[in-house]
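Visitor: One structure coming up, written as structure tokens, with questions to follow.
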Amino acid sequence: MSPRTPSASVAARHGWVQALAAVLAALIAMGAVAALGLWAAGAGDLPDGAFPRVVAATVVTAVGGTIELSGNAGALAESAAGLTVIPLSVTLTGALVLAAAFLRPLRHRAVAGAPELAGWAARIAALWLLALLGLAFGARQTFSLSLGDGTISDLGDLFGVSPKVGFRTDVPLTLVFGLLWPAGVLVLALLVSRGAPLPGRLLRFQESVRPAAYAMVVLLLAFVALGVLIALVVAVTRGHPAETLAVILLGMPNVTWPVLTLGLGATWTGRVQGPFGLPMPHVLDEVLRTKDVSTLNLRTLAEHDGRVWWLLAVDAVLLLAAAFVMAARSPARTKAWQHALRMAVALTLTVLMICLVGRISAHYGLSVLGIGDLGGDLGDLSLKPKVWTALGFAVLWGLVTGFLGALLARQVRRRGATEQEWEA
């Protein structure tokens, strides 16, 4: 019996079966989190067996897919609807599972060729694309809506208007953006994991990129963990456990990551009107529930609750901890100003990502015989960042905390840790 060649052994460790297992694990984890979150939010009572389709739509949007809303209110009325939101708890769950499955066959190796990594990623991408295609065709449904009270309701009863709103997947856009999502996850997994092999040509970049990428992932996960802890305490002390569970399972990063930028000094603008609500603390919803577009920052929040100034201290502590982790995982020869620059770049890119994925927009409008407003008469919700202001504060905080973190790491090394221990 001839011994197996190294290439055959590598193929066995991450072939099509392993790729299928990785894709299925990620989809099952995302589907479970989405289903539990939607059930806690009350979606289990949806008519016409729509719950599985709503779960599918949630998973699709979690990976960057596009869901189109459509309205139909009969011959005497018009309706319009729109929704832009990413359920980031579902996204984060899928990313962690897919990254772990991708890295598992590559552990215990120092170097891997670019063709090998590309082939392994391509297998996952191909199977992911097929699974996403199935989800895209399954994510479609139509619902009947209540007109509520008032003039529009009276006219609706008089003329027999029965407004409906439905959703369906924009399949081409979903496949494009849905394929970019696993690509980004796999690249980030290689950047973050210290034990993941890289092609020989990229090894020289690991000392500068990997510690910073790891520190930013730790920072984001720390804010999510802190948000979950606070949400559980609030649920125990003030009730509403179902609503709290829904927020945790569907949108906890949607809450905590924008709050991270607010603590840095960033400004968001938004508006809440009608039955819509933000999955956020009451004070944020209170600031935004006005007739006009409101400004959301530490100053406006402090006008309603002075405790929000503690966000500055929380951000300072967690950013300094992230900078320390970055410096501790970097070679001891790295200078403090280099740590500062790397921290600034990493934090700026992280804040940019939050600004891009943290946007929320939803509206539903109805007009009966010209009465009403298609732009959002029945409900309007929006939350958008002032990007350049947020990035400017990220650069400043990154430079300061990066420099201080380097000094702290240097002091710890001097107290007894050897350079080899830190680089191990």
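FYI, nothing fancy with the structure tokens labels: chains A, B, ... in order, residues from 1 per chain, ligands from 1 as they appear.
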Tell me which protein, DNA and RNA residues are within 7 Å of segment 339-352 of chain A, counting only C-alpha atoms, leaving out same-chain ones fewer than 4 positions away, and put them as an mmCIF file with C-alpha atoms, in the first residue's frame.

Guide:
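The file below, result.cif, is the result:
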```cif
data_model
loop_
_atom_site.group_PDB
_atom_site.id
_atom_site.type_symbol
_atom_site.label_atom_id
_atom_site.label_comp_id
_atom_site.auth_asym_id
_atom_site.auth_seq_id
_atom_site.Cartn_x
_atom_site.Cartn_y
_atom_site.Cartn_z
ATOM 1 C CA ALA A 212 -4.159 45.142 15.013
ATOM 2 C CA ALA A 213 -6.867 43.024 13.348
ATOM 3 C CA MET A 216 -10.252 45.198 16.754
ATOM 4 C CA THR A 261 -18.795 55.376 18.033
ATOM 5 C CA ALA A 323 -4.266 48.766 22.264
ATOM 6 C CA ALA A 327 1.115 45.817 21.511
ATOM 7 C CA LYS A 335 8.231 51.373 18.499
ATOM 8 C CA LEU A 356 -21.610 51.187 6.790
ATOM 9 C CA LEU A 391 -13.528 58.741 11.274
ATOM 10 C CA ALA A 394 -11.332 57.361 15.443
ATOM 11 C CA VAL A 395 -7.955 58.589 14.204
ATOM 12 C CA GLY A 398 -6.406 55.442 17.900
ATOM 13 C CA LEU A 399 -3.237 57.517 18.065
ATOM 14 C CA VAL A 400 -3.592 58.261 21.787
ATOM 15 C CA GLY A 402 -2.174 53.080 20.638
ATOM 16 C CA PHE A 403 0.723 55.037 22.113
ATOM 17 C CA ALA A 406 2.476 50.398 23.765
#
```

Visitor: Would you mind listing what lies within 10 Å of segment 128-144 of chain A as a ChimeraX atom specification, with only C-alpha atoms counted and same-chain residues fewer than 5 positions away left out?

Guide: /A:19-20,22-24,26-27,46-61,63,65-73,122-123,162-172,174-176,178-179,182

Visitor: Which residues are close to segment 288-303 of chain A, i.e. within 8 Å by only C-alpha atoms, leaving aside same-chain residues fewer than 4 positions away? Reply as a count of residues only.

Guide: 16

Visitor: Which residue out of A:Pro331, A:Gly64, A:Gly44, A:Pro87 has the minimum interatomic distance to Arg410 of chain A when only C-alpha atoms are used?

Guide: A:Pro331

Visitor: Find the spatial neighbours of Leu96 of chain A, counting only C-alpha atoms, within a cut-off of 10 Å - ignore same-chain residues fewer than 4 positions away - and output them as a list of chain:residue names.

Guide: A:Ala26, A:Ala29, A:Thr91, A:Leu92, A:Ala100, A:Ala101, A:Phe102, A:Val185, A:Ala189
